[in-house]
Each structure stands twice: as structure tokens, then as C-alpha cells.
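The structure under discussion appears below in the form of C-alpha cells.
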Amino acid sequence: MTLAETITQLRAAGEAAIASAPTVAELERIRVELLGRRAELPNLLRGVAKLPPQERSAVGRAANEARRALEAQLEQRTAVLAGAELDARLERDRVDITLPGDPAPALGRLHLITQTRREIEDVFIGLGYRIAEGPEVETVYYNFDALNHEPTHPARAWTDTFYIADQVLLRTHTSPMQVRSMERQRPPIYIIVPGRVYRRDNDLTHTPQFHQIEGLAIDEQITLSDLKGTLLHFARAIFGEQREIRLRPHFFPFTEPSVEVDVSCFNCTAGTDANGERCSICKGTGWLEILGSGMVDPNVLAHVASNGYDPERVQGFAFGMGIERIAMLKHGISDLRLLYDNDLRFLEQF
Amino acid sequence: MRVPLEWLHDYVDPAMDVQSLADRLALSGTAVERIEHHGVPSTDNFVVGRVLTRVKHPNADRLSLCTVDVGAGEPSQIVCGAPNVTAGLTVAVARPGAVLPDGSVLRSAKLRGLESQGMILSERELQISGEHNGIMVLGAGSGSGSEDGTGADAAGRSGALAPGTPLAQVLSIATDVLVLEITPNRPDCLGIYGVAREVAACTGAALKPPPWVDDPGSLGALSGIEIERTAPAMLCPRFTARIFEHVKVGESPLWLKARLMACGQRPVSNVVDITNYVMLATGQPMHAFDYDRVAGARLRVRTARAGEQVQTLDGQTRTLDEQMVVIEDADGPTSIAGVMGGARSEVHAGTTRVLSEAASWSGPNIQRTSLALALRSEASGRFEKGLQVEQTLRAQALTSRLMTRLCSASVRAGTLDIGGPGPAPRTIRLRDARTERLLGVTVPRARARRHLEAIGFTATDAPDGLDVSVPDFRRADVTREADLIEEVARLDGLERLPATLPSAGNHVGVLTALQRQRRRAVDALAAQGLLEVIGWSFTGPEQARKLRLLDAGSPVTLANPLSSEQSQLRTRLFGSLLDIAQRNRARGAGAIAIFESGAVYRSKFKPSPERLPQEPQHLAALLCGPLRAPSWREQSPPTHDFFSAKGVLDGLFAALGIRWELGQRGGRFLHPGRSVQVLVAGEPVGWVGELHPSVAAEWDFSDTLAGFEIELSALPLPAVPRYSEIGSFPAVREDLAVVVAEPVSAAQVLDVVRNAGSPLLAGADIFDVYRDSERLGQGVKSLALRLSYRAADRTLTDEEVAARRARITRALEQRLEGRVRTGESGAGAAPDAQRGEKGRDRE
């Protein structure tokens with residue numbers, strides 16, 4: 001048998017063995033047998049140098065070709081078998097996919113009052129307002145006197161307002177920042193004032209502490225129509241684009257004209273809900289009272305006239321709303337006290 | 001303020017349903033609290049009847065068996081329980097099918113075996129009065145009349161009381177009642193006629209002349225009574241009186257009783273009812289004295305003496321002070337001015353002469369008196385709103401009309417009048433341009449004028465608008481141009497206003513750096529899984545005791561707290577976090593991770609307008625229970641402790657871009673070995689740690705409570721972060737185990753390592769702490785550190801890293817007497833350098 005024939009035979013036998021090897025391990029054994037250190041084919045290659053020169057190149061080429069072909073076939077078969085073996089192993093590696101996943105990391109949340117406050121703040125920042133904050137322990141001057149409250153106004157009574165000292169109280173609204181802000185900044189002024197306020201009430205619908213957002217806009221040409229447009233924009237941003245508002249004349253000591261503002265109920269059509277029942281949110285009226293407002297009374301501006309607030313030259317509007325009320329309306333919360341109970345199961349809902 | 005429509009219609013009839021009227025009022029400034037119905041729900045089946053026969057019920061001593069002519073058809077057989085039923089009476093009958101005010105439907109029924117086809121009605125059954133001792137008898141003086149008496153008395157019209165006549169035609173047995181909320185600036189609407197004026201103005205309906213225009217009395221001197229006012233005129237601006245003679249005290253007519261009832265007042269007797277009726281109609285309270293019981297026929301209006309006692313109509317003895325005003329006769333005080341009359345000179349069944357008083361009192365002083373005595377009346381409620389002096393004579397005029405008509409009285413000539421009318425009407429210029437500038441819409445001058453005249457103002461043309469004269473009943477409320485503009489705006493209809501926005505050119509909205517920082521801080525805590533809570537600003541001494549606060553930090557104290565535990569303002573947030581945690585734990589919450597952001601209040605001085613308390617913003621968190629929810633893969637997750645709180649605080653400061661350090665140990669309410677002050681820029685800004693177990697126990701916690709509280713407003717504002725080169729050359733990572741004595745802190749070790757490793761050492765973290773007295777020895781611990789070395793400009797060689805490691809090892813030995821362990825695996829890992837970013841998983 002010539003060398004060439006031996007090579008051909010070795011190659012054929014190798015190819016057959018590779019093709020029939022059932023596992024990756026068997027392929028490895030075949031690789032060692034065919035191409036390993038002591039196998040015949042590599043030995044032949046190593047012996048090429050001893051051949052007569054005219055035979056060397058043909059035998060060398062044939063042996064090399066045979067080795068490369070076997071290597072390629074081994075590689076290809078190994079890949080096929082390894083893939084099949086991996087698939088088989090993964091088939092056996094099944095988990096009970098119905099077991100629960102790991103608990104999600106706790107989702108922290110801001111309190112609903114904070115969320116609502118921010119939502120409102122952002123509406124007014126978009127309208128060009130800045131946020132001013134003032135002291136909660138306030139003077140009688142800023143809380144009542146400068147806001148045109150009569151000396152005998154009932155809200156001043158010790159039964160209604162918390163006092164710290166003779167002329168010092170817990171502010172009953174965020175309105176004292178009107179005059180404080182105007183003392184600090186010449187017109188124009190566009191601010192909102194969020195914050196805690198206090199009234200000496202504690203029953204089903206009142207807590208001694210609650211939150212308000214005051215708004216104040218003073219400029220040369222601000223009109224009652226501008227108040228209406230601003231609050232319409234606000235109402236739609238908070239309660240939905242379909243909302244309308246209506247202004248009802250009212251009385252507040254520090255605005256003239258004064259209006260209360262209702263937003264059309266988001267839960268019903270003119271007082272009748274989707275089930276044809278009387279709407280439980282607006283009590284069938286189709287309107288929800290959301291805030292008090294008005295054109296800033298000239299008497300209030302008079303307190304800061306020397307800082308550029310001449311009532312004949314500048315004018316503007318103010319409004320004040322309860323954050324709790326907005327949050328309760330929007331989220332269907334019937335009991336104010338839930339907001340201060342801080343039950344985790346409540347907090348997690350928003 | 002209750003306004004029965006049946007009464008209102010005497011003065012104005014807007015010819016619209018009650019809901020539309022309520023809407024019109026609400027949108028023009030008179031708030032409608034609700035609409036009520038007074039009397040029977042439906043007037044069907046209520047008729048006039050005449051008792052034809054009456055015999056005793058055969059089976060019951062107290063019942064009568066009547067036949068009653070009810071108009072059409074056969075007379076009805078009706079069983080009646082009233083003692084006064086008798087043949088010949090004209091009565092009110094409810095026929096089967098009638099619905100009574102309580103909603104029950106009347107049916108034919110057998111009473112003690114005999115059929116009763118309806119019911120003969122008492123006044124109470126029709127809500128005309130509280131009277132239920134007998135049936136209501138219809139006749140002269142009853143009927144649907146009213147104060148003017150024109151054609152109103154049913155009996156005055158022949159045949160009007162014919163049996164079968166619908167009862168509603170002769171008597172008001174059903175009316176809607178508007179319940180109004182009158183704002184404090186509109187005391188003129190505390191009377192029905194004042195409301196009628198508003199109704200006319202906002203609906204366009206015609207307003208009839210006021211009920212006081214025809215006055216049977218006269219002005220001028222009044223004989224027979226002397227009245228002296230020694231109280232300051234400010235407290236009693238006007239006092240008027242008239243005298244009525246030949247008064248017949250008796251029952252009021254049904255129409256008047258029905259109106260009082262619809263307004264929520266019980267009829268008493270005609271004289272008393274008239275004073276109440278006049279008050280409801282005009283807004284001006286009245287008082288009727290029995291003239292013959294006014295001792296000495298003289299009255300004096302004076303301020304009370306401190307401690308003086310007066311017995312009021314309700315039988316109570318009241319103790320007065322020097323600011324209150326009394327009216328006294330020769331025998332002493334008879335009433336507390338403006339609040340309540342006295343029993344001594346009350347009108348009674350035998351009264352024949354009446355002195356009627358209509359006075360004006362200082363609103364604030366009545367309010368004060370009423371509050372101090374805890375005594376409120378319909379009268380005081382009106383006076384405290386500030387009534388105008390002109391109202392007194394209007395009330396006297398209407399009183400005179402009703403006294404003469406309903407009590408057969410005659411008015412003695414003259415009116416006693418102390419104080420007289422008020423100042424002449426004020427005239428205010430209303431500029432067209434000003435109206436437009438304030439409202440943003442043009443209201444034509446003629447229309448503005450029409451609105452103003454509809455509510456009793458008079459206007460004359462001026463070059464640039466109107467000169468408007470203010471009627472006396474709006475004197476206190478309308479004093480400036482802006483007030484007139486409000487009247488024009490509300491009557492012109494605010495729905496006409498366009499919705500515009502202020503020009504946006506000169507103002508931009510933006511958060512301040514401080515506001516952004518506060519938002520970022522709370523967002524950072526929420527991002528770490530904490531829930532924000534909002535606690536009370538109020539606290540009290542008990543909480544301070546539980547928190548072991550010796551000096552609670554100069555708290556601000558309330559002068560009029562709701563309770564002792566709400567008597568101070570909080571000086572820290574942690575107390576309310578504990579309260580909230582306790583409540584949630586009691587409801588079964590195992591894991592609690594909450595925080596609050598808010599002000600605390602401190603004052604080293606007694607607060608005054610010049611020195612208000614400080615209100616720094618704080619941020620506090622409380623953590624308790626498992627770090628994560630347990631699961632089938634991790635049955636018992638670790639629980640919150642000092643290190644979890646420290647980790648949350650680290651996260652917070654990382655979000656704020658602020659470096660912080662450890663200070664001295666924390667306060668007395670904290671675990672002494674597991675708490676520490678938080679320093680920023682060397683200054684204490686708060687604490688982090690575990691609560692002292694005894695303090696936790698005060699809030700019923702037996703497990704570990706951890707948390708922190710920092711003063712947010714003491715932190716520096718965040719700097720703008722600057723980019724630092726990430727570097728493209730790989731880091732070399734290795735682990736290092738160092739054994740040090742127990743007292744040596746991790747921070748000391750890290751400090752030494754970082755100093756010695758600088759500048760190539762890019763990171764050093766502790767990933768294990770290991771103690772083993774057998775292998776390591778007593779009183780020592782092994783800290784495992786993960787180090788990474790990196791240079792910005794090259795790949796480090798093994799030699800460079802080895803040199804750096806040697807420096808670190810030497811520094812640990814020299815500075816901390818530390819020993820770097822080699823050749824061991826596990827918690828005390830041996831040096832194990834690896835090249836490249838792959839790093840090495842902890843074993």
C-alpha cells in the first residue's frame with residue numbers, strides 16, 4: 001500500500017468515525033486517535049522529510065489536506081453535537097415558572113398632599129409664577145390687619161385662631177405672604193405661596209392644620225377676566241381639559257370684587273352620573289367649589305403703596321385654595337382625616 | 001337666612017321656578033345653602049270642610065264621629081280626636097290620598113271599628129304652628145292674607161270658605177324656602193325685603209314698594225315715656241320707641257304663623273309674633289315691652305356694672321361686664337341690649353299697652369357680648385353684622401301697621417328718637433375707564449346705571465362716568481369706586497367675562513435653588529423606597545418626656561391650644577414619625593420606612609412681631625422591620641438598623657452632592673453605641689442611628705428603630721457637578737485582608753489605605769468584617785477591602801501595583817499596628833491581584 005493509499009484510507013476511516021460519533025466526548029476521543037500526538041496521520045507528516053524529494057510534496061500535500069479535512073469535520077460535528085447536548089441539558093433544567101418573582105424593591109412615594117402641591121406649583125410655574133414661602137408663625141398685622149380685616153372680624157377670635165402671643169399667631173391662611181412679598185419685590189409680581197396653615201377647628205371636616213396655596217399677580221393691566229382665564233387654565237390642568245369654571249360673586253375682606261370659583265364636576269354631566277344617579281361628588285349640582293379669589297383690594301395695596309403699589313397705577317388678583325380639598329376631590333377621598341392619619345396602606349395608593 | 005317664597009312673592013315675583021331663582025341668586029352673589037320645602041309636599045286633597053254633625057264615638061270616650069261637608073258628593077265620615085271639634089265649624093280637611101308634611105299618605109281607615117274618610121287637621125299637622133291641642137278653625141282673620149290686608153283674608157271674600165275649596169287657596173300650606181348664606185358685608189339682606197331687592201335686581205322682576213311705606217304712626221315728640229341714653233352713642237347710635245294702646249293680645253292669624261314657622265320661629269302671641277315678623281321682614285330686631293310694667297315709665301340705656309346680674313327671658317341669670325349695655329327701668333335692668341329681653345316687662349296675655357323698641361347697637365360690641373355670655377339670638381346675630389340706624393323707623397312703621405291691624409291697637413302720636421338718622425348719602429364717581437380696566441370688559445354706562453339703580457343706588461351722569469349715591473342700607477359696604485365696580489360686575493353677570501391670561505412678557509416661573517434642593521431631597525428618599533408622611537406641627541410635654549428631651553429646644557408655646565399634647569410646636573420631626581409608626585405597627589405593619597420634610601419651630605425669646613420664631617426646614621426618616629419583603633428565596637431578610645439608616649442617608653447626600661462626616665455620638669434618646677452626629681462642613685446638622693430601646697418602648701416598639709433627622713436648611717446649596725475623566729485604561733483590582741485591634745475603626749483603616757495608596761488607588765471598599773478568636777486571636781478583627789488602582793494615562797504594571805500595595809501594607813503596620821493576612825481564602829481574603837475590568841467575585 002502506497003503512502004498515498006494509506007492517507008486516503010486513514011482519511012476515509014476517520015471521516016466515517018467522526019460521522020458516527022454520538023457524543024462530544026466520543027468526538028474528542030476520535031480526535032486524539034486521529035490527530036493526536038501518537039496517531040498515524042501526524043506521524044506520516046512528520047516522516048515526510050525522510051521521503052525521496054520527488055514524493056515529498058505530493059505526500060505532504062495529501063496528508064495535510066486529510067488532516068485539515070478531518071479537523072474541519074471534527075469542528076463542525078462538535079458544534080452540532082455540543083448544541084444538541086446543551087439543548088438536552090437545558091430541557092432538563094426547568095424551573096417552576098409559576099413561583100413568584102422576587103419582591104419588587106419597595107416603591108417610595110411622596111404624600112398625596114405633596115404630590116398635589118407640586119402638581120399645582122408646576123402649573124403656575126408654567127404660567128410664569130415663582131414660589132414664595134413665608135413664616136407659619138405670623139404677626140396679626142400680616143395675617144389680618146394688612147388684609148383689610150375689621151378689628152372685630154370673627155376670625156381673629158381666640159376661639160378661631162391659635163395665638164402665640166398678643167400680636168403673634170399661627171397663620172390662618174397663606175395670604176399674609178401677599179403683603180410680605182410686595183414689601184420685598186416691586187411690581188410686577190407673580191407668585192404662588194404654598195404652605196401649612198392653622199385654624200382652631202377639629203371635627204369631621206376640619207383639621208387644625210391644613211395646607212393652602214395662595215396666588216398673587218399684580219401688574220399694570222391685570223383684569224378680572226385674566227383671573228378667570230388663569231383659573232380656567234389651572235382647573236383644566238388639574239381636573240382635565242373638558243372642565244369649565246364659573247365665578248360666583250362673594251365676599252372676602254382683602255379682595256374687591258371677590259369671587260368664589262366652581263369647576264364643573266368631572267364625575268357627571270350636570271349633576272347626573274354615568275348610572276343616571278344624582279352625582280355623589282358634586283351632590284347633583286354639576287359644580288364643585290374649589291377656591292376663593294378676587295381683585296386685590298385697594299386697601300391692601302395701600303399698605304405697600306410706597307414700594308410701587310399705587311392702587312391707581314397697578315392692580316391684580318389673588319386667590320387661595322386648600323390643597324387637601326383639591327386632592328380629595330381629585331382622588332375621591334371622603335374623609336379629610338385620612339390625609340393626616342398616614343396609614344401606609346393609604347399612602348401606598350397614590 | 002330663611003326666605004319662604006310665599007312671603008318673598010309679596011314683594012317681588014320673578015316668575016321662575018325655585019331652582020332657577022336659586023341659581024340666579026348664587027351667580028349674582030347671594031349664596032344659596034339649600035332649598036327646603038315647608039308644609040305639605042303637595043296641596044292635593046287638602047280642602048276646606050264644614051262639620052255638619054258631631055257625636056261621641058261609640059267605642060271611644062275621647063274620639064268624636066263627625067260628618068263633614070267637603071264639597072262634592074256625600075259628606076265624609078271622619079273620626080276626630082280633638083276636644084274642640086263641634087258642628088258648624090269650618091275646618092281644614094285632609095282627604096284620603098293627601099300627603100302630610102312628614103311624608104305619610106293618608107288613607108281611609110277604621111278607627112275603633114268605624115270608617116274615617118280623612119282627617120280634620122290641627123295647625124301642627126300643617127306646620128302652621130306647634131299647636132296640637134285642637135283642630136284648626138278657619139274663619140275671619142285666617143286665610144292667606146298678608147301684612148297689607150288687601151283682599152287677603154279668606155273670610156273677607158264671600159264664599160271663599162265654601163266646603164270643597166282647595167285649602168291652598170285660602171291658606172299657605174306649602175312653600176319652598178331658600179336658605180341663604182348672607183355674607184358679612186350684606187346685613188341689608190338679613191330681611192326678606194332686602195332679599196327681594198336682590199331678587200328683583202338679578203331677575204329683572206319688578207320690586208314692589210317696601211312694607212313700611214304706609215305708616216299709621218307719626219314722628220315728633222312722644223308723651224308718656226322718658227328715655228335716657230347714658231351709654232356712649234357709639235354703642236347705641238339710635239334708640240326709637242312707640243306706644244300702642246288698646247292692644248288685644250291673642251293669637252296671630254294663620255298666615256302670619258305659617259310665615260314665622262317657615263322661617264323657623266314658633267308663634268307665641270300676636271304682639272310677640274309681630275316683633276319677630278317685623279325683624280324677619282326688615283332685618284331690624286324689635287322688642288315689645290308691656291308699657292304698664294315699665295317701672296316709672298322711663299328707660300335708661302347704660303353700660304352695665306362689672307358683675308351686675310340680669311335675668312333674661314330664658315330664665316337664666318347672666319353676669320355682665322362694663323362693656324355690655326343694659327336697658328333698665330326704675331326697678332333696674334330689664335334686658336341686655338341687642339341680645340335678649342328680660343322677663344319682668346314681657347308682654348303677657350293681659351297686656352293692653354305696648355312700648356315697641358327699635359334700636360341700633362354697635363355690631364362689634366354685640367358680638368363681644370354675645371360671645372362672652374355664650375348667648376346668641378336672632379337679634380344679636382343681626383346686630384353684630386352692623387345694622388344701619390335708618391332701619392329702626394322702618395321697623396317701627398311696619399310694627400305700627402301690624403299692631404293696628406292684628407291687635408286692634410291704636411298708635412299714640414309721636415316717636416321717641418334718640419340719635420336720629422345717619423350721615424347724608426355718600427356720592428362716589430364711577431369711571432367708565434376704571435370699570436373696564438378692572439374687569440377687562442366694557443359695561444356700557446347705561447347698563448351699569450341700570451344695575452346700580454336696581455339695588456337702590458341713584459346715579460347721575462358725570463363727564464367720565466357716573467356719580468353714584470349710596471343708599472343708607474349699603475353705607476358700610478360700599479365706600480369706594482372698587483365697591484361699585486363689584487356691584488356692576490356681579491349684576492352684569494360674571495359669565496360674560498372672557499377668559500384671558502395676563503400678558504406673559506415680564507415674568508418667568510422658576511424654582512429657586514433651595515426649592516430644587518428640597519424637591520431633590522424628598523425624591524431621593526422616595527427613590528429609596530420610603531413613604532412620605534405628613535405629621536402634626538403640634539406636640540406637647542408628654543412627647544418631650546418620652547423623647548428624653550431635657551431642653552426641648554426652645555419650643556414655641558400656644559396661648560390657646562386644643563389640648564396639652566397640642567400645646568407646643570414641634571422642634572423636631574422625629575416625634576411625629578414615631579407616632580405615625582406606632583399607629584401603623586398597631587395596625588399590623590411589619591416593615592415601616594417613612595420620612596417627613598417640614599418646618600420645625602424654635603424661639604429663644606418670647607415671640608413678638610419683631611422677633612418671630614425660627615422655622616428651619618428639617619428632613620427625618622424612620623426605618624423599622626425587614627429591609628425587603630420576605631420571599632421563598634429569602635425567608636428572613638435582614639432588618640433595619642444603624643447601617644441601613646446610614647445607607648439611606650448616604651443615598652440622600654449623594655443625591656444632594658454633599659459630603660458628610662461622622663461627629664460625636666447622638667442624643668440621649670439614641671442608642672449610645674449605634675448613633676452618631678452628622679457633620680457637614682464640620683458643623684453638626686443632625687444625627688443618624690438607632691433609637692434607645694427604652695425610648696422605642698415608649699412607642700410600643702420592641703424591635704430596632706433606626707433613622708435620622710437633619711436640618712435641611714443648614715445644608716449648602718448643591719454645586720454644579722463638574723465632569724471628571726472616566727479614563728480608558730483598565731483598573732487593577734485586588735482584595736486585601738487586614739487584621740487590626742477591635743478599637744480601630746473601619747474609617748481609620750480606610751483613611752490609612754487611601755492616603756498610602758494615593759494617587760494610583762482609585763477605590764477602597766470594605767466588603768467583609770471577620771472575627772475568629774482561634775484563628776486571628778482575641779480582641780482583633782479582620783477587615784476585607786476591595787481595592788482598585790488606576791492611572792489616567794497608562795495601563796498599570798504589576799510592579800507598580802505591588803509597590804503601592806507594599807506602601808499600603810507598611811502604612812497599616814506602622815500607623816495602626818495592622819497586619820495584612822496572606823494565603824487564606826474566605827472572609828479574610830488573601831491578596832489576589834487580577835488584571836482587567838473583570839474583578840473577582842466574593843467567595
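Just remember, in the C-alpha cells the first chain shown is A, the second B, etc., residues are 1-based per chain, and ligands are 1-based in the order shown.
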**Asked** Got a sec to tell me which of stretch 259-307 of chain A DSSP assigns to strand (DSSP E or B), as number ranges by chain?
**Response** A: 259-264, 269, 272, 278, 287-296
A:Gly286 environment, 10 Å, only C-alpha atoms, sequence neighbours closer than 6 positions dropped, as a compact mmCIF listing (two decimals) with N, CA and C atoms, in the first residue's frame:
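Listing of result.txt after writing:
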# COMPACT_ATOMS: atom_id res chain seq x y z
N ASP A 262 -66.08 77.82 41.02
CA ASP A 262 -66.52 76.44 40.92
C ASP A 262 -65.93 75.85 39.65
N VAL A 263 -65.60 74.56 39.70
CA VAL A 263 -65.18 73.85 38.49
C VAL A 263 -66.28 72.86 38.17
N SER A 264 -66.53 72.66 36.88
CA SER A 264 -67.58 71.71 36.51
C SER A 264 -67.17 70.33 36.97
N CYS A 265 -68.13 69.59 37.48
CA CYS A 265 -67.84 68.29 38.09
C CYS A 265 -67.30 67.33 37.02
N PHE A 266 -66.22 66.61 37.40
CA PHE A 266 -65.59 65.70 36.45
C PHE A 266 -66.21 64.32 36.51
N ASN A 267 -67.18 64.17 37.40
CA ASN A 267 -67.75 62.84 37.63
C ASN A 267 -69.12 62.68 36.99
N CYS A 268 -69.65 63.74 36.42
CA CYS A 268 -71.04 63.65 35.98
C CYS A 268 -71.31 64.68 34.90
N THR A 269 -72.51 64.60 34.36
CA THR A 269 -72.96 65.62 33.43
C THR A 269 -74.10 66.38 34.11
N ALA A 270 -73.84 67.62 34.42
CA ALA A 270 -74.85 68.48 35.04
C ALA A 270 -75.52 67.81 36.23
N GLY A 271 -74.73 67.09 37.02
CA GLY A 271 -75.27 66.56 38.26
C GLY A 271 -75.74 65.12 38.20
N THR A 272 -75.77 64.53 37.00
CA THR A 272 -76.23 63.15 36.86
C THR A 272 -75.06 62.29 36.40
N ASP A 273 -74.75 61.24 37.17
CA ASP A 273 -73.57 60.45 36.83
C ASP A 273 -73.88 59.41 35.76
N ARG A 278 -77.98 60.70 40.99
CA ARG A 278 -77.50 62.01 41.39
C ARG A 278 -76.03 61.89 41.76
N CYS A 279 -75.20 62.72 41.19
CA CYS A 279 -73.75 62.60 41.39
C CYS A 279 -73.40 62.79 42.86
Practice prompt. Specify as number ranges by chain all residues of chain B found within 6 Å of chain A, counting only C-alpha atoms.
Written response: B: 27-29, 364, 438-440, 486, 490, 497-502, 507-510, 526-527, 529-533, 558-560, 609
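Of the residues under consideration (A:Met328, A:Met321, A:Leu336, A:Ala79), A:Met321 shows the shortest atom-to-atom contact distance to A:Thr174 when counting only C-alpha atoms.
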Write out as a JSON list (two decimals) with N, CA, C and O atoms, in the first residue's frame which residues come within 9 Å of B:Glu487 when counting only C-alpha atoms, dropping same-chain ones fewer than 3 positions away.
[["chain", "number", "residue", "atom", "x", "y", "z"],
["A", 257, "PRO", "N", -63.61, 93.26, 43.32],
["A", 257, "PRO", "CA", -64.64, 92.27, 43.62],
["A", 257, "PRO", "C", -64.04, 90.95, 44.09],
["A", 257, "PRO", "O", -62.91, 90.61, 43.75],
["B", 448, "ALA", "N", -74.62, 99.89, 33.39],
["B", 448, "ALA", "CA", -74.09, 100.00, 34.75],
["B", 448, "ALA", "C", -75.10, 100.74, 35.63],
["B", 448, "ALA", "O", -75.38, 100.36, 36.76],
["B", 451, "HIS", "N", -78.07, 98.59, 36.55],
["B", 451, "HIS", "CA", -77.75, 97.63, 37.62],
["B", 451, "HIS", "C", -77.74, 98.32, 38.98],
["B", 451, "HIS", "O", -78.29, 97.80, 39.95],
["B", 452, "LEU", "N", -77.12, 99.48, 39.04],
["B", 452, "LEU", "CA", -76.99, 100.16, 40.33],
["B", 452, "LEU", "C", -78.34, 100.63, 40.84],
["B", 452, "LEU", "O", -78.65, 100.55, 42.03],
["B", 455, "ILE", "N", -80.57, 98.10, 42.64],
["B", 455, "ILE", "CA", -80.32, 97.74, 44.04],
["B", 455, "ILE", "C", -80.33, 98.97, 44.93],
["B", 455, "ILE", "O", -79.73, 98.98, 46.00],
["B", 482, "ALA", "N", -64.10, 100.85, 43.75],
["B", 482, "ALA", "CA", -63.96, 99.40, 43.53],
["B", 482, "ALA", "C", -65.21, 98.66, 44.00],
["B", 482, "ALA", "O", -65.60, 97.64, 43.43],
["B", 483, "ASP", "N", -65.84, 99.19, 45.06],
["B", 483, "ASP", "CA", -67.05, 98.54, 45.58],
["B", 483, "ASP", "C", -68.20, 98.67, 44.57],
["B", 483, "ASP", "O", -69.00, 97.75, 44.41],
["B", 484, "LEU", "N", -68.27, 99.82, 43.92],
["B", 484, "LEU", "CA", -69.31, 100.00, 42.89],
["B", 484, "LEU", "C", -69.05, 99.07, 41.70],
["B", 484, "LEU", "O", -69.98, 98.49, 41.13],
["B", 490, "ARG", "N", -71.14, 92.02, 39.29],
["B", 490, "ARG", "CA", -71.92, 90.85, 39.68],
["B", 490, "ARG", "C", -73.31, 90.88, 39.05],
["B", 490, "ARG", "O", -73.85, 89.82, 38.72],
["B", 491, "LEU", "N", -73.87, 92.07, 38.90],
["B", 491, "LEU", "CA", -75.21, 92.12, 38.31],
["B", 491, "LEU", "C", -75.16, 92.04, 36.79],
["B", 491, "LEU", "O", -76.11, 91.61, 36.15],
["B", 492, "ASP", "N", -74.02, 92.44, 36.22],
["B", 492, "ASP", "CA", -73.89, 92.31, 34.77],
["B", 492, "ASP", "C", -73.66, 90.84, 34.39],
["B", 492, "ASP", "O", -73.92, 90.45, 33.27]]
Leaving out stretch 571-584 of chain B and any residue of its chain fewer than 6 positions from it, which residues lie within 8 Å of it when counting only C-alpha atoms, given as a PyMOL selection string?
(chain A and resi 341-344) or (chain B and resi 533+535-536+543+547+552-555+592+594-598+600-602+618-622+699-701+709)
Return as a count of residues only the full set of residues in stretch 220-274 of chain B whose backbone-based DSSP assignment is alpha helix (DSSP H). 14
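Each of B:Arg771, B:Arg805, B:Arg124, B:Arg344 was checked against B:Pro267 using only C-alpha atoms; the smallest atom-to-atom distance is that of B:Arg124.
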One decimal place gives the atom CA of B:Gly307-atom CA of B:Glu346 separation as 23.7 Å
Set the distance at 12 Å and use only C-alpha atoms: which residues neighbour B:Ile766 once local chain neighbours fewer than 6 positions away are removed? I'd like the list as a list in words.
Asp735, Leu736, Ala737, Val738, Ser745, Ala746, Ala747, Gln748, Val749, Leu750, Asp751, Val753, Ser782, Leu783, Ala784, Leu785, Arg786, Leu787, Ala827, Gly828, Ala829 and Arg842 of chain B
Report as an mmCIF file with N, CA and C atoms, in the first residue's frame all protein, DNA and RNA residues lying within 10 Å of B:Thr797, evaluated on only C-alpha atoms, omitting residues in the same chain fewer than 3 positions from it.
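Result file selection31.cif:
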data_model
loop_
_atom_site.group_PDB
_atom_site.id
_atom_site.type_symbol
_atom_site.label_atom_id
_atom_site.label_comp_id
_atom_site.auth_asym_id
_atom_site.auth_seq_id
_atom_site.Cartn_x
_atom_site.Cartn_y
_atom_site.Cartn_z
ATOM 1 N N VAL B 732 -6.852 47.936 37.956
ATOM 2 C CA VAL B 732 -6.389 46.675 38.536
ATOM 3 C C VAL B 732 -7.099 46.529 39.870
ATOM 4 N N ARG B 794 -2.164 55.407 31.480
ATOM 5 C CA ARG B 794 -1.476 54.179 31.081
ATOM 6 C C ARG B 794 -2.112 52.988 31.774
ATOM 7 N N GLU B 800 4.143 48.262 39.490
ATOM 8 C CA GLU B 800 3.592 49.499 40.072
ATOM 9 C C GLU B 800 2.577 49.173 41.162
ATOM 10 N N VAL B 801 1.705 48.194 40.844
ATOM 11 C CA VAL B 801 0.666 47.832 41.811
ATOM 12 C C VAL B 801 1.303 47.227 43.053
ATOM 13 N N ALA B 802 2.291 46.382 42.862
ATOM 14 C CA ALA B 802 2.937 45.735 44.004
ATOM 15 C C ALA B 802 3.586 46.776 44.908
ATOM 16 N N ARG B 835 -5.852 41.292 36.779
ATOM 17 C CA ARG B 835 -5.742 42.369 35.814
ATOM 18 C C ARG B 835 -7.069 42.525 35.088
#
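Atom CA of B:Thr275 is found 20.4 Å from atom CA of B:Gln127.
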